[in-house]
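K.L.:
Next comes the structure file run.pdb, holding PDB, C-alpha atoms.
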```
ATOM      1  CA  MET A   1      11.375 -46.380  38.178
ATOM      2  CA  ASP A   2      13.525 -49.323  39.186
ATOM      3  CA  LEU A   3      12.110 -49.080  42.707
ATOM      4  CA  VAL A   4       8.546 -49.149  41.388
ATOM      5  CA  ILE A   5       9.266 -52.131  39.148
ATOM      6  CA  SER A   6      11.013 -53.954  41.971
ATOM      7  CA  THR A   7       8.106 -53.234  44.319
ATOM      8  CA  LEU A   8       5.645 -54.569  41.771
ATOM      9  CA  GLN A   9       7.664 -57.740  41.333
ATOM     10  CA  GLN A  10       8.260 -58.481  45.007
ATOM     11  CA  SER A  11       5.082 -57.424  46.762
ATOM     12  CA  GLU A  12       1.771 -59.208  47.135
ATOM     13  CA  MET A  13      -0.382 -56.152  46.511
ATOM     14  CA  PRO A  14      -3.714 -56.476  44.689
ATOM     15  CA  ILE A  15      -3.813 -55.555  41.015
ATOM     16  CA  GLU A  16      -5.767 -52.359  41.739
ATOM     17  CA  GLU A  17      -3.065 -51.109  44.100
ATOM     18  CA  ALA A  18      -0.334 -52.072  41.631
ATOM     19  CA  SER A  19      -2.110 -50.113  38.891
ATOM     20  CA  GLU A  20      -2.382 -47.093  41.169
ATOM     21  CA  LEU A  21       1.341 -47.346  41.969
ATOM     22  CA  ALA A  22       2.219 -47.472  38.276
ATOM     23  CA  ALA A  23      -0.021 -44.477  37.533
ATOM     24  CA  ALA A  24       1.421 -42.497  40.440
ATOM     25  CA  ALA A  25       4.957 -43.245  39.277
ATOM     26  CA  ARG A  26       4.127 -41.977  35.791
ATOM     27  CA  GLN A  27       2.536 -38.830  37.191
ATOM     28  CA  PHE A  28       5.549 -38.179  39.422
ATOM     29  CA  ALA A  29       7.962 -38.671  36.516
ATOM     30  CA  LEU A  30       5.952 -36.244  34.401
ATOM     31  CA  THR A  31       5.961 -33.743  37.258
ATOM     32  CA  LEU A  32       9.753 -33.866  37.279
ATOM     33  CA  PHE A  33      10.081 -33.913  33.482
ATOM     34  CA  PRO A  34       6.865 -32.482  32.005
ATOM     35  CA  ASP A  35       7.941 -32.632  28.363
ATOM     36  CA  LYS A  36       9.104 -36.252  28.475
ATOM     37  CA  ALA A  37       5.797 -38.153  28.385
ATOM     38  CA  GLN A  38       6.624 -39.792  25.070
ATOM     39  CA  THR A  39      10.036 -40.875  26.366
ATOM     40  CA  TYR A  40       8.427 -42.355  29.479
ATOM     41  CA  ASP A  41       5.919 -44.241  27.353
ATOM     42  CA  LEU A  42       8.689 -45.666  25.172
ATOM     43  CA  LEU A  43      11.048 -46.684  27.971
ATOM     44  CA  TYR A  44       9.102 -47.457  31.124
ATOM     45  CA  ARG A  45       5.536 -48.285  30.159
ATOM     46  CA  PRO A  46       6.524 -51.563  28.417
ATOM     47  CA  ARG A  47       8.638 -52.640  31.395
ATOM     48  CA  ILE A  48       5.827 -51.975  33.865
ATOM     49  CA  GLN A  49       3.265 -53.656  31.610
ATOM     50  CA  ARG A  50       5.480 -56.728  31.278
ATOM     51  CA  VAL A  51       5.785 -57.021  35.064
ATOM     52  CA  MET A  52       2.035 -56.581  35.497
ATOM     53  CA  ASN A  53       1.302 -59.154  32.782
ATOM     54  CA  GLU A  54       3.652 -61.711  34.309
ATOM     55  CA  LYS A  55       2.529 -61.207  37.884
ATOM     56  CA  TYR A  56      -1.231 -60.868  37.411
ATOM     57  CA  ARG A  57      -1.502 -62.877  34.180
ATOM     58  CA  ILE A  58      -3.290 -60.133  32.299
ATOM     59  CA  MET A  59      -3.071 -59.487  28.613
TER      60      MET A  59
END
```
Show me the file's structure as structure tokens.

P.N.:
Amino acid sequence: MDLVISTLQQSEMPIEEASELAAAARQFALTLFPDKAQTYDLLYRPRIQRVMNEKYRIM
């Protein structure tokens, strides 16, 4: 997840591609740990949303 967050922060990708990356990362994490969706949503979703909000100025 740190790699995804770092990529989002440092790259100049369009918002659509960044959203796809975030969704793919979540799907991959849930493939590895299928019963941990709630944990993912508590730990990583806010971090990714914060990066997206700061970079693309979305609310």

K.L.:
Which is closer to Asn53 in chain A than all the others in A:Ser11, A:Ser19, A:Thr31, A:Gln38, using only C-alpha atoms?

P.N.:
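Counting only C-alpha atoms, the residue closest to Asn53 in chain A is A:Ser19.
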
K.L.:
Write out as a PDB file with C-alpha atoms, keeping the file's coordinate frame the residues lying within 12 Å of Leu43 in chain A, counting all atoms listed in the file and excluding same-chain residues fewer than 6 positions away.

P.N.:
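Full text of around-v3.pdb as output:
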```pdb
ATOM      1  CA  MET A   1      11.375 -46.380  38.178  1.00  0.00           C
ATOM      2  CA  ASP A   2      13.525 -49.323  39.186  1.00  0.00           C
ATOM      3  CA  ARG A  26       4.127 -41.977  35.791  1.00  0.00           C
ATOM      4  CA  LYS A  36       9.104 -36.252  28.475  1.00  0.00           C
ATOM      5  CA  ALA A  37       5.797 -38.153  28.385  1.00  0.00           C
ATOM      6  CA  GLN A  49       3.265 -53.656  31.610  1.00  0.00           C
ATOM      7  CA  ARG A  50       5.480 -56.728  31.278  1.00  0.00           C
TER       8      ARG A  50
END
```

K.L.:
Kindly provide, as a PyMOL selection string, the polymer residues lying within 12 Å of (0.4, -52.0, 42.3), counting only C-alpha atoms and using the coordinates exactly as they appear in the file.

P.N.:
chain A and resi 4-25+48-49+51-53+55-56

K.L.:
If you measure from CA of Leu3 in chain A to CA of Gln27 in chain A, what distance in Å do you get, rounded to one decimal?

P.N.:
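Computed distance, CA of Leu3 in chain A to CA of Gln27 in chain A, equals 15.1 Å.
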
K.L.:
Give the padded box for range 16-25 of chain A as AutoDock Vina command-line options: axis-aligned, covering all atoms listed in the file, 5 Å on each side, centre and edge lengths in Å to one decimal.

P.N.:
```
--center_x -0.4 --center_y -47.4 --center_z 40.8 --size_x 20.7 --size_y 19.9 --size_z 16.6
```

K.L.:
Please provide the set of residues having any atom within 12 Å of Thr39 in chain A, restricted to all atoms listed in the file, with same-chain residues fewer than 6 positions apart removed, written as an MDAnalysis selection string.

P.N.:
chainID A and resid 26 29:30 33 45:46
